[in-house]
Each structure stands twice: as C-alpha cells, then as structure tokens.
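Colleague: The following block contains the structure, expressed as structure tokens.
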Amino acid sequence: MRLSTILSALLAFASTAHAATPGTAMPTIFAPGAIAGTDDDGAAAFTPDGATVYFMRGTDSFTLMESHRDGDHWSKPKAAPFSGHWRDLDPSMAPNGSFLLFVSNRPAASGSSPIDAVSAGKHYAGRGMHLWRVDRQGDHWGVPVRLPDAVNSCSMTFAPSIAVDGSIYFIGCAAPAGNLQLLRSVYRDGHYLAPYAVKLGDAGMQIRDPAIAPDRSFIVISTKPTGSQQPYRLAIAFHTPTGWSAPRDLGDTVNGGKHSMGAQLGADHRTLYFYSDRRLPPSDPDATATWNNGADHIWQVSLAPWLDAHRAEH
C-alpha cells in the first residue's frame with residue numbers, strides 16, 4: 001500500500017486545474033541509492049543546517065528514519081530514537097531545529113491501545129493520527145509529548161508544518177461539520193491555542209499536506225477539487241495584506257505520477273521536497289535504477305521560478 005493510499009480507505013479523496021507555471025523546474029530524485037531504494041519514503045524534514053534529514057518509511061506501518069549528510073553522501077538511514085514501535089509519519093522540523101512534530105497512532109496514555117481512526121461512523125483499528133512533539137535536548141531528543149486536545153480534536157490530525165512564530169499549519173477536523181480542513185494553531189506563552197480554519201482556495205477545493213514558509217509568506221499544498229478522482233497536485237499560494245492568494249498549480253513538469261504529496265521545504269526555504277510514485281522515462285540514463293520502481297520516493301525541485309516571479313510582480 002502506497003503512502004498516498006493510506007487515507008483512501010478512510011476518506012473520499014477528491015485535482016486542481018493545471019495552471020501555467022512561470023518557468024520550467026524539473027524535479028530530481030533525492031539521494032538515489034543512499035535513501036531512495038525499494039521502499040516507500042516521504043515527508044523529508046531537514047535540520048536548519050541541512051545536514052540531517054528525518055523522513056517516513058513504510059507501506060502500511062511507518063517508521064521515522066534519520067540520515068546524516070557527509071559532503072555529498074547521505075548515511076544509511078536508521079530509525080529515529082523516538083520511533084520504531086508505533087505507526088509514526090509526517091515529521092516536520094521547527095525552523096530553528098529546537099523541536100520536531102510528527103504524527104502517530106501511539107496511545108495518548110501509557111498502557112492504553114493505539115488510537116483508532118473514525119470516519120463516516122466506521123472505526124479503523126490503530127489507524128488514528130494525532131500530533132506529537134519531541135524537543136531537542138543538547139545532542140539528543142527528549143521524550144515525545146502529545147499535543148493538547150485543542151489541536152488533536154479528532155482521530156484524523158496530520159501533516160503539520162511549523163512557522164518561525166511557533167504556529168503550526170496542519171490538517172484536522174474543523175467545526176461545526178468536523179470535516180478535514182487546513183487549520184492553524186497559534187503558539188502563545190508556551191501553549192497551542194485552539195486552531196482555526198485557514199481561508200485558502202475556494203469551497204470546492206480539498207487541501208492536504210501544507211508546507212508553510214518560516215515567515216508565512218507562502219505555502220505549498222497538495223490539492224484537488226472535492227469529489228474528483230484525479231491525483232493530488234502541488235500548488236503554491238502567497239500571503240497578501242488581504243489574505244492568501246489563489247493557489248497556483250506547479251504544472252505538469254512538477255506534478256507527475258499518480259500523486260504529488262508530502263510537501264516540505266528544505267533548509268534553504270526555496271527547495272521543495274515531496275513524495276511521488278512518478279517514474280523516469282525509458283530514455284533517462286537512470287531509468288534502469290532499482291529505485292525507479294513506482295514506489296513513493298522523495299523528490300526535490302527549486303521553487304525559485306515561482307518565488308522570483310511573485311517578487312517581480314510585487
């Protein structure tokens with residue numbers, strides 16, 4: 001089961017218009033051979049110096065992996081010290097590297113059962129998702145702590161992304177209908193406040209997997225029209241004095257395969273990392289590589305064409 005299909009058993013997945021892009025940006029595979037291999041990988045979260053990456057690996061039950069860069073080489077990934085027992089996914093690094101958020105089905109209280117997912121009145125054992133936080137303590141990670149009920153208001157809370165001000169953007173249940181929406185929770189005086197729905201796109205747009213710029217100047221999302229069976233596609237929106245601009249699709253060159261999801265920004269805040277099951281064309285020199293197997297892999301692409309075009313327009 002691919003990463004993108006995990007929610008399909010729980011939710012009615014709904015694509016976005018294929019808008020023109022300001023330039024050509026060709027995605028490339030991230031760390032072929034060292035990280036990209038035969039497994040499903042996704043959601044690359046980097047430390048501020050870009051020298052360590054955390055990502056999720058698995059096809060059904062996920063583990064958060066850790067790899068370190070030495071020059072141009074990435075080390076063999078190993079399980080992060082706080083992962084490996086529960087179903088953990090969607091890591092997101094704080095811009096200053098002081099903590100990491102991730103999603104897990106681990107029990108809210110010690111000794112209890114993994115949380116279940118509830119959708120349309122049906123229960124899915126152990127498939128629930130809540131946000132957890134683990135703080136960096138010197139040269140090691142502390143003990144993960146579940147975010148408060150105000151944030152984890154339902155059994156399907158996932159895909160966090162962290163701004164410099166400590167606020168988090170994520171997918172969760174919005175009142176009053178309880179449907180999954182893009183939410184923001186402000187961090188104030190050491191506490192996460194009750195989230196509110198972010199006004200982005202139109203009512204017919206289904207949004208997943210936000211990647212917020214540290215200064216909240218732009219956001220990358222995966223989106224498609226509600227009810228559509230087309231793939232999720234990556235789009236970018238910019239913050240303006242009157243709110244968020246209309247999302248602009250990143251185009252067919254970026255959006256390939258059956259889905260493009262799990263957006264994350266690299267340490268430079270201008271490189272986008274995402275996961276996709278896209279394959280290289282037969283004419284590509286790496287077409288016969290073992291990782292070119294239709295599994296979900298981490299891809300990277302520069303956002304410079306869109307960021308520079310926006311700056312020129314404004």
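Convention: chains lettered A, B, ... in structure tokens order; per-chain residue numbering from 1; ligands numbered from 1 as shown.
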Find the spatial neighbours of Tyr273 in chain A, counting only C-alpha atoms, within a cut-off of 6 Å - ignore same-chain residues fewer than 2 positions away - and output them as a VMD selection string.
Modeller: chain A and resid 263 to 264 299 to 300
Colleague: Which residues are near Ser185 in chain A? Cut-off 8 Å, only C-alpha atoms, ignore same chain within fewer than 2 positions. Put them as a ChimeraX atom specification.
Modeller: /A:151,167-169,183,187,192-196
Colleague: Those same residues, written as a PDB file, in the first residue's frame with N, CA and C atoms?
Modeller:
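Once written, selection_7.pdb looks like this:
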ATOM      1  N   VAL A 151      -5.743  20.798  19.810  1.00  0.00           N
ATOM      2  CA  VAL A 151      -5.163  20.536  18.484  1.00  0.00           C
ATOM      3  C   VAL A 151      -5.623  19.179  17.970  1.00  0.00           C
ATOM      4  N   SER A 167       3.619  28.864  15.362  1.00  0.00           N
ATOM      5  CA  SER A 167       2.307  28.377  14.950  1.00  0.00           C
ATOM      6  C   SER A 167       2.461  27.193  14.016  1.00  0.00           C
ATOM      7  N   ILE A 168       1.469  26.324  14.018  1.00  0.00           N
ATOM      8  CA  ILE A 168       1.504  25.141  13.161  1.00  0.00           C
ATOM      9  C   ILE A 168       0.306  25.140  12.220  1.00  0.00           C
ATOM     10  N   TYR A 169       0.580  24.761  10.992  1.00  0.00           N
ATOM     11  CA  TYR A 169      -0.454  24.524   9.995  1.00  0.00           C
ATOM     12  C   TYR A 169      -0.561  23.010   9.849  1.00  0.00           C
ATOM     13  N   LEU A 183      -5.880  23.798   8.927  1.00  0.00           N
ATOM     14  CA  LEU A 183      -6.042  24.542  10.169  1.00  0.00           C
ATOM     15  C   LEU A 183      -4.729  25.195  10.572  1.00  0.00           C
ATOM     16  N   TYR A 187       0.887  29.490  18.609  1.00  0.00           N
ATOM     17  CA  TYR A 187       1.642  29.129  19.811  1.00  0.00           C
ATOM     18  C   TYR A 187       1.901  30.402  20.618  1.00  0.00           C
ATOM     19  N   TYR A 192      -0.343  25.866  22.776  1.00  0.00           N
ATOM     20  CA  TYR A 192      -1.001  25.879  21.472  1.00  0.00           C
ATOM     21  C   TYR A 192      -2.461  26.255  21.668  1.00  0.00           C
ATOM     22  N   LEU A 193      -2.898  27.295  20.963  1.00  0.00           N
ATOM     23  CA  LEU A 193      -4.275  27.746  21.080  1.00  0.00           C
ATOM     24  C   LEU A 193      -5.190  26.935  20.176  1.00  0.00           C
ATOM     25  N   ALA A 194      -6.476  27.029  20.436  1.00  0.00           N
ATOM     26  CA  ALA A 194      -7.457  26.315  19.612  1.00  0.00           C
ATOM     27  C   ALA A 194      -7.289  26.717  18.152  1.00  0.00           C
ATOM     28  N   PRO A 195      -7.221  25.762  17.242  1.00  0.00           N
ATOM     29  CA  PRO A 195      -6.978  26.083  15.831  1.00  0.00           C
ATOM     30  C   PRO A 195      -8.182  26.708  15.151  1.00  0.00           C
ATOM     31  N   TYR A 196      -7.908  27.377  14.043  1.00  0.00           N
ATOM     32  CA  TYR A 196      -8.972  27.927  13.214  1.00  0.00           C
ATOM     33  C   TYR A 196      -8.731  27.514  11.769  1.00  0.00           C
TER      34      TYR A 196
END
Colleague: From the options A:Pro285, A:Pro91, A:Pro107, A:Gly256, which residue's atoms come nearest to Ala44 in chain A, counting only C-alpha atoms?
Modeller: A:Pro91
Colleague: Listing only residues of range 54-105 of chain A within 9 Å of range 209-229 of chain A, what is the closest atom pair and its distance in Å (to one decimal) for each, using only C-alpha atoms, sorted by chain and residue number ascending, as CSV?
Modeller:
residue,atom,partner,partner_atom,distance
A:Asp90,CA,A:Asp209,CA,8.9
A:Ala94,CA,A:Pro214,CA,8.7
A:Pro95,CA,A:Pro214,CA,6.4
Colleague: The selected residues should be written to file as a CSV table (one decimal), in the first residue's frame (atoms: N, CA and C atoms).
Modeller:
chain,number,residue,atom,x,y,z
A,90,ASP,N,4.8,11.7,8.9
A,90,ASP,CA,4.7,13.2,8.7
A,90,ASP,C,5.6,14.0,9.7
A,94,ALA,N,11.0,22.2,13.3
A,94,ALA,CA,10.9,23.7,13.7
A,94,ALA,C,12.0,24.4,12.9
A,95,PRO,N,11.7,25.6,12.5
A,95,PRO,CA,12.8,26.3,11.7
A,95,PRO,C,14.1,26.5,12.4
Colleague: Would you mind listing what lies within 12 Å of Ser113 in chain A as a PyMOL selection string, with only C-alpha atoms counted and same-chain residues fewer than 2 positions away left out?
Modeller: chain A and resi 86+105-111+115-116+125-128
Colleague: Which value, in Å to one decimal, gives the distance between CA of Pro305 in chain A and CA of Gly166 in chain A?
Modeller: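 Spanning CA of Pro305 in chain A to CA of Gly166 in chain A is a straight-line distance of 27.7 Å.
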Colleague: Identify which of the residues A:Asp40, A:Ser119, A:Ala51, A:Ala31 lies closest to Asp277 in chain A, counting only C-alpha atoms when measuring atom-to-atom distances.
Modeller: A:Asp40
Colleague: Counting only C-alpha atoms, which residue out of A:Gln137, A:Thr38, A:Ser155, A:Thr240 sits closest to Arg57 in chain A?
Modeller: A:Thr38
Colleague: Mind listing the strand (DSSP E or B) residues of range 75-273 of chain A, per DSSP on the backbone, as an MDAnalysis selection string?
Modeller: chainID A and resid 78:79 88:93 99:104 117:119 122:124 129:137 140:141 145:146 156 158:162 168:174 179:185 187:188 191:192 196:197 205:212 218:225 233:240 243:244 248:249 260:265 271:273
Colleague: In Å, with one decimal, what is the gap from CA of Tyr54 in chain A to CA of Thr290 in chain A?
Modeller: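 Taking CA of Tyr54 in chain A and CA of Thr290 in chain A, their separation equals 22.1 Å.
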Colleague: Considering only C-alpha atoms, state which residue in the set A:Arg146, A:Lys76, A:Lys122, A:Arg248 is at the smallest distance from Thr52 in chain A.
Modeller: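 Selected residue with least distance to Thr52 in chain A: A:Lys76.
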Colleague: Neighbours of range 67-72 of chain A within 12 Å (only C-alpha atoms; same-chain residues fewer than 3 positions away dropped), as a compact mmCIF listing (two decimals) with N, CA, C and O atoms, in the first residue's frame?
Modeller:
# COMPACT_ATOMS: atom_id res chain seq x y z
N PHE A 30 15.77 12.53 -4.69
CA PHE A 30 16.62 12.89 -3.57
C PHE A 30 17.41 11.67 -3.11
O PHE A 30 16.85 10.62 -2.85
N ALA A 31 18.72 11.82 -3.03
CA ALA A 31 19.63 10.81 -2.50
C ALA A 31 19.40 9.43 -3.10
O ALA A 31 19.14 8.46 -2.38
N PRO A 32 19.48 9.28 -4.42
CA PRO A 32 19.28 7.96 -5.03
C PRO A 32 20.32 6.96 -4.55
O PRO A 32 21.50 7.28 -4.46
N ALA A 34 21.27 6.00 -1.73
CA ALA A 34 21.51 6.13 -0.30
C ALA A 34 20.21 6.10 0.49
O ALA A 34 20.08 5.42 1.50
N ILE A 35 19.20 6.86 0.01
CA ILE A 35 17.89 6.87 0.66
C ILE A 35 16.84 6.28 -0.26
O ILE A 35 16.12 5.36 0.13
N ALA A 36 16.72 6.78 -1.48
CA ALA A 36 15.76 6.22 -2.42
C ALA A 36 16.19 4.81 -2.80
O ALA A 36 17.30 4.60 -3.30
N ALA A 44 10.24 14.65 3.89
CA ALA A 44 11.61 14.91 4.32
C ALA A 44 11.69 16.18 5.14
O ALA A 44 11.39 17.27 4.65
N ALA A 45 12.10 16.07 6.41
CA ALA A 45 12.23 17.21 7.31
C ALA A 45 13.71 17.39 7.67
O ALA A 45 14.33 16.50 8.24
N PHE A 46 14.27 18.55 7.34
CA PHE A 46 15.70 18.79 7.50
C PHE A 46 15.99 19.66 8.72
O PHE A 46 15.22 20.54 9.09
N THR A 47 17.14 19.40 9.34
CA THR A 47 17.65 20.30 10.35
C THR A 47 18.06 21.62 9.69
O THR A 47 18.29 21.66 8.47
N ASP A 49 20.74 23.24 9.38
CA ASP A 49 21.98 23.23 8.61
C ASP A 49 21.92 22.30 7.40
O ASP A 49 22.88 22.21 6.63
N GLY A 50 20.80 21.63 7.22
CA GLY A 50 20.63 20.73 6.07
C GLY A 50 21.43 19.46 6.15
O GLY A 50 21.47 18.69 5.18
N ALA A 51 22.06 19.19 7.30
CA ALA A 51 22.96 18.04 7.40
C ALA A 51 22.29 16.78 7.91
O ALA A 51 22.90 15.70 7.86
N THR A 52 21.07 16.88 8.40
CA THR A 52 20.33 15.71 8.87
C THR A 52 18.92 15.78 8.33
O THR A 52 18.32 16.86 8.30
N VAL A 53 18.40 14.64 7.90
CA VAL A 53 17.03 14.59 7.41
C VAL A 53 16.28 13.49 8.14
O VAL A 53 16.82 12.42 8.44
N TYR A 54 15.03 13.78 8.46
CA TYR A 54 14.11 12.81 9.03
C TYR A 54 12.99 12.60 8.02
O TYR A 54 12.51 13.56 7.41
N PHE A 55 12.58 11.37 7.84
CA PHE A 55 11.53 11.08 6.86
C PHE A 55 10.80 9.81 7.28
O PHE A 55 11.25 9.08 8.15
N MET A 56 9.65 9.58 6.68
CA MET A 56 8.88 8.39 7.00
C MET A 56 9.15 7.30 5.97
O MET A 56 9.34 7.58 4.79
N LEU A 64 9.77 6.59 11.46
CA LEU A 64 10.54 7.78 11.12
C LEU A 64 12.01 7.43 11.08
O LEU A 64 12.56 6.86 12.03
N SER A 75 24.12 9.09 4.83
CA SER A 75 24.34 7.82 5.53
C SER A 75 23.15 6.89 5.37
O SER A 75 22.04 7.31 5.03
N LYS A 76 23.40 5.60 5.63
CA LYS A 76 22.32 4.64 5.60
C LYS A 76 21.28 5.00 6.66
O LYS A 76 21.61 5.17 7.83
N PRO A 77 20.03 5.15 6.27
CA PRO A 77 19.01 5.57 7.25
C PRO A 77 18.82 4.54 8.36
O PRO A 77 18.91 3.33 8.14
N LYS A 78 18.56 5.07 9.55
CA LYS A 78 18.21 4.22 10.68
C LYS A 78 17.00 4.83 11.38
O LYS A 78 16.69 6.02 11.20
N ALA A 79 16.31 4.04 12.17
CA ALA A 79 15.13 4.54 12.86
C ALA A 79 15.50 5.66 13.81
O ALA A 79 16.51 5.58 14.53
N ALA A 80 14.72 6.73 13.82
CA ALA A 80 14.93 7.81 14.78
C ALA A 80 14.76 7.25 16.18
O ALA A 80 13.98 6.31 16.39
N PRO A 81 15.48 7.78 17.16
CA PRO A 81 15.46 7.20 18.51
C PRO A 81 14.09 7.21 19.17
O PRO A 81 13.86 6.44 20.10
